[in-house]
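**Q** Take a look at coords.csv, CSV, N, CA and C atoms and all ligand atoms:
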```csv
chain,number,residue,atom,x,y,z
A,8,MET,N,-4.8,154.4,85.9
A,8,MET,CA,-5.4,154.3,87.2
A,8,MET,C,-4.6,155.3,88.1
A,9,ASP,N,-5.4,155.9,89.1
A,9,ASP,CA,-4.8,156.9,90.0
A,9,ASP,C,-4.1,156.2,91.1
A,10,GLY,N,-2.8,156.3,91.1
A,10,GLY,CA,-2.0,155.6,92.1
A,10,GLY,C,-1.6,156.4,93.3
A,11,TRP,N,-2.1,157.6,93.4
A,11,TRP,CA,-1.7,158.5,94.5
A,11,TRP,C,-2.2,158.0,95.8
A,12,ILE,N,-1.4,158.0,96.8
A,12,ILE,CA,-1.8,157.6,98.2
A,12,ILE,C,-1.5,158.7,99.2
A,13,ASP,N,-2.5,158.9,100.1
A,13,ASP,CA,-2.3,159.9,101.1
A,13,ASP,C,-1.5,159.3,102.2
A,14,VAL,N,-0.3,160.0,102.5
A,14,VAL,CA,0.6,159.5,103.5
A,14,VAL,C,0.8,160.4,104.7
A,15,GLY,N,-0.1,161.4,104.8
A,15,GLY,CA,0.0,162.3,106.0
A,15,GLY,C,-0.1,163.7,105.7
A,16,THR,N,0.1,164.5,106.8
A,16,THR,CA,0.0,166.0,106.7
A,16,THR,C,1.3,166.6,106.4
A,17,GLN,N,1.3,167.8,105.8
A,17,GLN,CA,2.5,168.4,105.4
A,17,GLN,C,3.4,168.8,106.5
A,18,GLU,N,2.9,168.9,107.7
A,18,GLU,CA,3.7,169.2,108.9
A,18,GLU,C,4.5,168.1,109.4
A,19,GLU,N,4.2,166.9,109.0
A,19,GLU,CA,4.9,165.7,109.6
A,19,GLU,C,6.4,165.6,109.3
A,20,PRO,N,6.8,165.7,108.0
A,20,PRO,CA,8.3,165.5,107.8
A,20,PRO,C,9.0,166.7,108.2
A,21,THR,N,9.9,166.6,109.2
A,21,THR,CA,10.6,167.7,109.7
A,21,THR,C,12.0,167.8,109.0
A,22,ARG,N,12.6,169.0,109.0
A,22,ARG,CA,13.8,169.2,108.3
A,22,ARG,C,14.9,168.4,109.0
A,23,GLY,N,15.9,167.8,108.3
A,23,GLY,CA,17.0,167.2,108.9
A,23,GLY,C,16.8,165.7,109.2
A,24,ARG,N,15.6,165.2,109.0
A,24,ARG,CA,15.4,163.7,109.2
A,24,ARG,C,14.4,163.2,108.3
A,25,GLY,N,14.4,161.9,108.1
A,25,GLY,CA,13.4,161.3,107.3
A,25,GLY,C,12.1,160.9,108.1
A,26,LEU,N,11.2,160.4,107.4
A,26,LEU,CA,9.9,159.9,108.0
A,26,LEU,C,9.5,158.6,107.3
A,27,ALA,N,9.5,157.5,107.9
A,27,ALA,CA,9.1,156.3,107.3
A,27,ALA,C,7.6,156.2,107.4
A,28,VAL,N,7.0,155.7,106.3
A,28,VAL,CA,5.5,155.6,106.2
A,28,VAL,C,5.2,154.2,105.7
A,29,PHE,N,4.4,153.4,106.4
A,29,PHE,CA,4.1,152.1,106.1
A,29,PHE,C,2.7,152.0,105.4
A,30,LEU,N,2.6,151.6,104.2
A,30,LEU,CA,1.4,151.6,103.5
A,30,LEU,C,0.6,150.3,103.8
A,31,GLU,N,-0.7,150.4,103.5
A,31,GLU,CA,-1.6,149.3,103.9
A,31,GLU,C,-1.2,148.0,103.1
A,32,ASP,N,-0.7,148.2,102.0
A,32,ASP,CA,-0.4,147.0,101.2
A,32,ASP,C,1.0,146.4,101.5
A,33,GLY,N,1.7,146.9,102.5
A,33,GLY,CA,2.9,146.3,102.9
A,33,GLY,C,4.2,147.1,102.4
A,34,ARG,N,4.0,148.0,101.4
A,34,ARG,CA,5.1,148.7,100.9
A,34,ARG,C,5.5,149.8,102.0
A,35,GLU,N,6.7,150.2,101.9
A,35,GLU,CA,7.3,151.3,102.8
A,35,GLU,C,7.9,152.4,101.9
A,36,VAL,N,7.5,153.6,102.3
A,36,VAL,CA,8.2,154.8,101.6
A,36,VAL,C,8.8,155.6,102.7
A,37,ALA,N,9.7,156.5,102.3
A,37,ALA,CA,10.3,157.5,103.3
A,37,ALA,C,10.1,158.9,102.7
A,38,LEU,N,9.7,159.8,103.5
A,38,LEU,CA,9.6,161.2,103.1
A,38,LEU,C,10.7,162.0,103.7
A,39,PHE,N,11.2,163.0,102.9
A,39,PHE,CA,12.3,163.8,103.3
A,39,PHE,C,11.9,165.3,103.0
A,40,ASN,N,12.1,166.1,103.9
A,40,ASN,CA,11.9,167.6,103.8
A,40,ASN,C,13.3,168.2,103.6
A,41,VAL,N,13.5,168.5,102.3
A,41,VAL,CA,14.8,169.2,101.9
A,41,VAL,C,14.6,170.7,101.7
A,42,GLU,N,14.8,171.4,102.7
A,42,GLU,CA,14.7,172.9,102.6
A,42,GLU,C,13.3,173.3,102.1
A,43,GLY,N,12.3,172.6,102.6
A,43,GLY,CA,10.9,173.0,102.3
A,43,GLY,C,10.3,172.2,101.1
A,44,THR,N,11.1,171.4,100.5
A,44,THR,CA,10.6,170.6,99.4
A,44,THR,C,10.6,169.1,99.8
A,45,LEU,N,9.5,168.4,99.5
A,45,LEU,CA,9.4,167.0,99.9
A,45,LEU,C,9.9,166.1,98.8
A,46,HIS,N,10.6,165.1,99.2
A,46,HIS,CA,11.0,164.0,98.3
A,46,HIS,C,10.6,162.7,99.0
A,47,CYS,N,10.4,161.7,98.1
A,47,CYS,CA,10.0,160.4,98.6
A,47,CYS,C,10.8,159.3,97.9
A,48,THR,N,11.3,158.4,98.8
A,48,THR,CA,12.0,157.2,98.3
A,48,THR,C,11.4,156.0,98.8
A,49,ASN,N,11.8,154.8,98.3
A,49,ASN,CA,11.5,153.6,99.0
A,49,ASN,C,12.2,153.6,100.4
A,50,ASN,N,11.5,153.1,101.4
A,50,ASN,CA,12.1,153.2,102.7
A,50,ASN,C,13.1,152.1,102.9
A,51,VAL,N,13.2,151.1,102.0
A,51,VAL,CA,14.0,150.0,102.2
A,51,VAL,C,15.4,150.2,101.5
A,52,CYS,N,16.4,150.2,102.3
A,52,CYS,CA,17.8,150.4,101.7
A,52,CYS,C,18.1,149.2,100.8
A,53,PRO,N,18.7,149.5,99.6
A,53,PRO,CA,19.1,148.4,98.7
A,53,PRO,C,20.2,147.5,99.2
A,54,HIS,N,20.9,147.9,100.3
A,54,HIS,CA,22.0,147.1,100.8
A,54,HIS,C,21.3,145.9,101.4
A,55,VAL,N,20.9,145.9,102.7
A,55,VAL,CA,20.3,144.8,103.3
A,55,VAL,C,19.0,145.2,104.1
A,56,ARG,N,18.2,146.1,103.4
A,56,ARG,CA,16.9,146.5,103.8
A,56,ARG,C,16.8,147.3,105.1
A,57,GLY,N,17.8,148.1,105.3
A,57,GLY,CA,17.8,149.1,106.5
A,57,GLY,C,16.7,150.1,106.2
A,58,PRO,N,16.2,150.8,107.3
A,58,PRO,CA,15.1,151.8,107.1
A,58,PRO,C,15.7,153.2,106.8
A,59,LEU,N,15.6,153.6,105.6
A,59,LEU,CA,16.2,154.9,105.2
A,59,LEU,C,15.4,156.0,105.8
A,60,GLY,N,14.2,155.8,106.1
A,60,GLY,CA,13.4,156.9,106.8
A,60,GLY,C,13.9,157.2,108.2
A,61,ASP,N,14.7,156.3,108.7
A,61,ASP,CA,15.2,156.6,110.1
A,61,ASP,C,16.6,157.2,110.0
A,62,GLY,N,17.1,157.4,108.8
A,62,GLY,CA,18.4,157.9,108.6
A,62,GLY,C,18.6,159.4,108.8
A,63,HIS,N,19.8,159.8,108.9
A,63,HIS,CA,20.1,161.3,109.1
A,63,HIS,C,20.1,161.9,107.7
A,64,LEU,N,19.5,163.1,107.6
A,64,LEU,CA,19.4,163.8,106.4
A,64,LEU,C,20.2,165.1,106.4
A,65,GLU,N,21.1,165.2,105.5
A,65,GLU,CA,21.9,166.5,105.4
A,65,GLU,C,21.8,167.0,103.9
A,66,GLY,N,21.2,168.1,103.7
A,66,GLY,CA,20.9,168.5,102.4
A,66,GLY,C,20.0,167.5,101.7
A,67,GLU,N,20.4,167.0,100.5
A,67,GLU,CA,19.7,166.0,99.8
A,67,GLU,C,20.1,164.6,100.1
A,68,ILE,N,21.1,164.5,101.0
A,68,ILE,CA,21.7,163.2,101.3
A,68,ILE,C,21.3,162.5,102.6
A,69,VAL,N,20.7,161.3,102.5
A,69,VAL,CA,20.3,160.6,103.7
A,69,VAL,C,21.4,159.5,103.9
A,70,THR,N,21.7,159.2,105.1
A,70,THR,CA,22.6,158.2,105.5
A,70,THR,C,21.9,157.0,106.1
A,71,CYS,N,22.0,155.9,105.6
A,71,CYS,CA,21.3,154.7,106.1
A,71,CYS,C,21.8,154.4,107.5
A,72,PRO,N,20.9,154.3,108.5
A,72,PRO,CA,21.3,154.1,109.9
A,72,PRO,C,22.0,152.8,110.2
A,73,TRP,N,21.9,151.8,109.2
A,73,TRP,CA,22.5,150.5,109.5
A,73,TRP,C,24.0,150.4,109.2
A,74,HIS,N,24.3,150.8,108.0
A,74,HIS,CA,25.8,150.6,107.6
A,74,HIS,C,26.3,151.8,106.9
A,75,GLY,N,25.5,152.9,106.9
A,75,GLY,CA,26.1,154.2,106.4
A,75,GLY,C,26.1,154.5,104.9
A,76,TRP,N,25.5,153.6,104.1
A,76,TRP,CA,25.4,154.0,102.7
A,76,TRP,C,24.6,155.3,102.6
A,77,GLN,N,25.0,156.1,101.6
A,77,GLN,CA,24.4,157.4,101.4
A,77,GLN,C,23.7,157.5,100.1
A,78,PHE,N,22.5,158.1,100.1
A,78,PHE,CA,21.6,158.2,99.0
A,78,PHE,C,21.2,159.7,98.8
A,79,ASN,N,21.1,160.1,97.5
A,79,ASN,CA,20.5,161.4,97.2
A,79,ASN,C,19.0,161.1,97.1
A,80,VAL,N,18.2,161.8,98.0
A,80,VAL,CA,16.8,161.5,98.1
A,80,VAL,C,16.0,162.1,96.9
A,81,ARG,N,16.6,163.0,96.2
A,81,ARG,CA,16.0,163.6,95.0
A,81,ARG,C,16.1,162.7,93.8
A,82,THR,N,17.3,162.1,93.6
A,82,THR,CA,17.6,161.3,92.4
A,82,THR,C,17.6,159.8,92.7
A,83,GLY,N,17.8,159.4,93.9
A,83,GLY,CA,17.9,158.0,94.3
A,83,GLY,C,19.3,157.4,94.2
A,84,GLU,N,20.2,158.2,93.7
A,84,GLU,CA,21.6,157.8,93.5
A,84,GLU,C,22.2,157.3,94.8
A,85,CYS,N,22.9,156.2,94.7
A,85,CYS,CA,23.7,155.8,95.9
A,85,CYS,C,25.1,156.2,95.7
A,86,LEU,N,25.6,157.0,96.7
A,86,LEU,CA,27.0,157.6,96.6
A,86,LEU,C,28.0,156.5,96.8
A,87,ASP,N,27.7,155.5,97.5
A,87,ASP,CA,28.6,154.4,97.8
A,87,ASP,C,28.7,153.3,96.7
A,88,ARG,N,27.5,153.0,96.2
A,88,ARG,CA,27.4,152.0,95.2
A,88,ARG,C,26.5,152.5,94.1
A,89,PRO,N,27.0,153.1,93.0
A,89,PRO,CA,26.2,153.7,92.0
A,89,PRO,C,25.3,152.6,91.3
A,90,ASP,N,25.6,151.3,91.4
A,90,ASP,CA,24.8,150.3,90.8
A,90,ASP,C,23.7,149.9,91.7
A,91,ARG,N,23.5,150.5,92.9
A,91,ARG,CA,22.5,150.1,93.8
A,91,ARG,C,21.6,151.3,94.3
A,92,PRO,N,21.0,152.0,93.3
A,92,PRO,CA,20.2,153.2,93.7
A,92,PRO,C,18.9,152.8,94.4
A,93,VAL,N,18.3,153.7,95.1
A,93,VAL,CA,17.0,153.5,95.7
A,93,VAL,C,15.9,154.1,94.8
A,94,ALA,N,14.7,153.5,94.8
A,94,ALA,CA,13.6,154.1,94.0
A,94,ALA,C,13.2,155.4,94.6
A,95,VAL,N,12.9,156.4,93.7
A,95,VAL,CA,12.3,157.6,94.1
A,95,VAL,C,10.9,157.7,93.5
A,96,TYR,N,10.0,158.4,94.2
A,96,TYR,CA,8.6,158.4,93.8
A,96,TYR,C,8.0,159.9,93.7
A,97,PRO,N,7.1,160.1,92.9
A,97,PRO,CA,6.5,161.5,92.8
A,97,PRO,C,5.8,161.8,94.1
A,98,VAL,N,5.8,163.1,94.5
A,98,VAL,CA,5.2,163.6,95.6
A,98,VAL,C,4.4,164.9,95.2
A,99,ARG,N,3.2,165.1,95.8
A,99,ARG,CA,2.5,166.3,95.6
A,99,ARG,C,1.7,166.6,96.9
A,100,LEU,N,1.4,167.9,97.0
A,100,LEU,CA,0.6,168.4,98.1
A,100,LEU,C,-0.8,168.7,97.6
A,101,GLU,N,-1.8,168.3,98.4
A,101,GLU,CA,-3.2,168.7,98.1
A,101,GLU,C,-3.9,169.0,99.4
A,102,GLU,N,-4.3,170.3,99.5
A,102,GLU,CA,-5.0,170.7,100.7
A,102,GLU,C,-4.3,170.3,102.0
A,103,GLY,N,-3.0,170.5,102.1
A,103,GLY,CA,-2.3,170.2,103.3
A,103,GLY,C,-1.9,168.7,103.5
A,104,ARG,N,-2.4,167.9,102.6
A,104,ARG,CA,-2.1,166.4,102.7
A,104,ARG,C,-0.9,166.1,101.7
A,105,ILE,N,-0.1,165.1,102.1
A,105,ILE,CA,1.0,164.6,101.2
A,105,ILE,C,0.5,163.4,100.4
A,106,LEU,N,0.6,163.5,99.1
A,106,LEU,CA,0.3,162.4,98.3
A,106,LEU,C,1.5,161.9,97.6
A,107,VAL,N,1.7,160.5,97.6
A,107,VAL,CA,2.8,159.9,96.8
A,107,VAL,C,2.3,158.9,95.9
A,108,ASP,N,3.0,158.6,94.9
A,108,ASP,CA,2.7,157.5,93.9
A,108,ASP,C,3.8,156.5,93.9
A,109,PRO,N,3.7,155.5,94.8
A,109,PRO,CA,4.8,154.6,94.9
A,109,PRO,C,4.9,153.6,93.8
A,110,GLY,N,3.9,153.6,92.9
A,110,GLY,CA,3.9,152.6,91.8
A,110,GLY,C,4.5,153.2,90.6
A,111,ARG,N,5.0,154.4,90.7
A,111,ARG,CA,5.5,155.1,89.5
A,111,ARG,C,6.8,155.8,89.8
A,112,PRO,N,7.9,155.2,89.5
A,112,PRO,CA,9.2,155.9,89.8
A,112,PRO,C,9.3,157.3,89.1
A,113,ALA,N,9.8,158.2,89.9
A,113,ALA,CA,9.9,159.6,89.4
A,113,ALA,C,11.1,159.8,88.5
A,114,GLN,N,11.0,160.8,87.7
A,114,GLN,CA,12.3,161.3,87.1
A,114,GLN,C,13.1,161.9,88.1
A,115,PRO,N,14.4,161.7,88.0
A,115,PRO,CA,15.3,162.3,89.1
A,115,PRO,C,15.1,163.7,89.4
A,116,SER,N,14.7,164.5,88.4
A,116,SER,CA,14.5,165.9,88.6
A,116,SER,C,13.0,166.2,88.8
A,117,GLY,N,12.2,165.1,89.0
A,117,GLY,CA,10.8,165.3,89.0
A,117,GLY,C,10.2,166.1,90.1
A,118,PRO,N,8.9,166.4,90.1
A,118,PRO,CA,8.3,167.3,91.1
A,118,PRO,C,8.4,166.8,92.5
A,119,GLY,N,8.7,167.7,93.4
A,119,GLY,CA,8.6,167.5,94.8
A,119,GLY,C,7.4,168.3,95.3
A,120,GLY,N,7.0,168.1,96.5
A,120,GLY,CA,6.0,168.9,97.1
A,120,GLY,C,6.6,170.1,97.8
A,121,ALA,N,6.4,171.2,97.2
A,121,ALA,CA,6.9,172.4,97.8
A,121,ALA,C,6.1,172.8,99.0
A,122,LEU,N,6.7,172.9,100.2
A,122,LEU,CA,6.0,173.2,101.4
A,122,LEU,C,5.8,174.7,101.6
A,123,GLY,N,6.4,175.5,100.8
A,123,GLY,CA,6.3,177.0,101.0
A,123,GLY,C,7.3,177.5,102.1
A,124,ALA,N,7.1,178.7,102.4
A,124,ALA,CA,8.1,179.4,103.3
A,124,ALA,C,7.8,178.9,104.7
A,201,LIG,S1,21.2,148.3,105.1
A,201,LIG,FE1,21.5,150.4,104.5
A,201,LIG,S2,23.7,150.5,104.4
A,201,LIG,FE2,23.3,148.5,105.0
```
Would you give me this structure, written as structure tokens?
Ligand code: FES
**A**
Amino acid sequence: MDGWIDVGTQEEPTRGRGLAVFLEDGREVALFNVEGTLHCTNNVCPHVRGPLGDGHLEGEIVTCPWHGWQFNVRTGECLDRPDRPVAVYPVRLEEGRILVDPGRPAQPSGPGGALGA
């Protein structure tokens, strides 16, 4: 089954910050523009459900706005608690739209949506 969901236009995620997207079924994802490549994680922090999409992004690392845990948005790794990673999801671009598949965890080195120059 095709699990790709349209979550917006490629112009929306700006560099240096996340973008929370609330899906119709209640799930939340967060988009991150890392030097022109999109990555997608679950928006819900594994600590106590802070909004990762509202966090500060520096390189591949987002800092949760609630208590400061840091996550690699490409791999999902938690720098503070390696036993508490966040889920990462595949992203792709199609005709200027961002598609994510939140039902299928990505491989850590999996494809991101390249936004181009
Ligand atoms: S909820 Fe994210 S660090 Fe506490």
**Q** Provide the atom CA of A:Arg111 to atom N of A:Tyr96 distance in Å, to one decimal place.
**A**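 About the pair atom CA of A:Arg111 and atom N of A:Tyr96: they are 7.3 Å apart.
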**Q** 7 Å from ligand LIG 201 (chain A) is the threshold here; counting all atoms listed in the file, which polymer residues fall inside it? Answer as a list in words.
**A**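 Protein and nucleic-acid residues within 7 Å of ligand LIG 201 (chain A): Val51, Cys52, Pro53, His54, Val55, Arg56, Gly57, Pro58, Leu59, Thr70, Cys71, Pro72, Trp73, His74, Gly75, Trp76 and Gln77 of chain A.
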**Q** Give me the residues of stretch 69-123 of chain A that have any atom at most 8 Å from an atom of stretch 19-42 of chain A; for each, the nearest atom pair and the distance in Å, rounded to one decimal. Use only C-alpha atoms, sort by chain and number, and format it as a tab-separated table.
**A**
```
residue	atom	partner	partner_atom	distance
A:Val69	CA	A:Gly25	CA	7.8
A:Val80	CA	A:Phe39	CA	7.3
A:Pro109	CA	A:Val36	CA	7.5
```
**Q** To test your reading of the structure, identify every residue in chain A that backbone DSSP assigns to strand (DSSP E), and report it as a VMD selection string.
**A** chain A and resid 12 to 16 25 to 29 35 to 41 44 to 49 63 to 65 68 to 70 77 to 79 95 to 96 98 to 101 104 to 107 120 to 121
**Q** Using only C-alpha atoms, determine which residues lie at most 9 Å from A:Pro92, disregarding the query and same-chain residues fewer than 6 positions distant; provide the list as a VMD selection string.
**A** chain A and resid 52 to 53 78 to 79 82 to 86
**Q** One decimal, in Å: what's the spacing between atom N of A:Leu122 and atom CA of A:Gly43?
**A**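 Result for atom N of A:Leu122 versus atom CA of A:Gly43: 4.7 Å, one decimal.
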**Q** So the first atom is atom N of A:Gly103 and the second is atom N of A:His63; what is the distance between them in Å, to one decimal place?
**A**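 The value is 26.1 Å.
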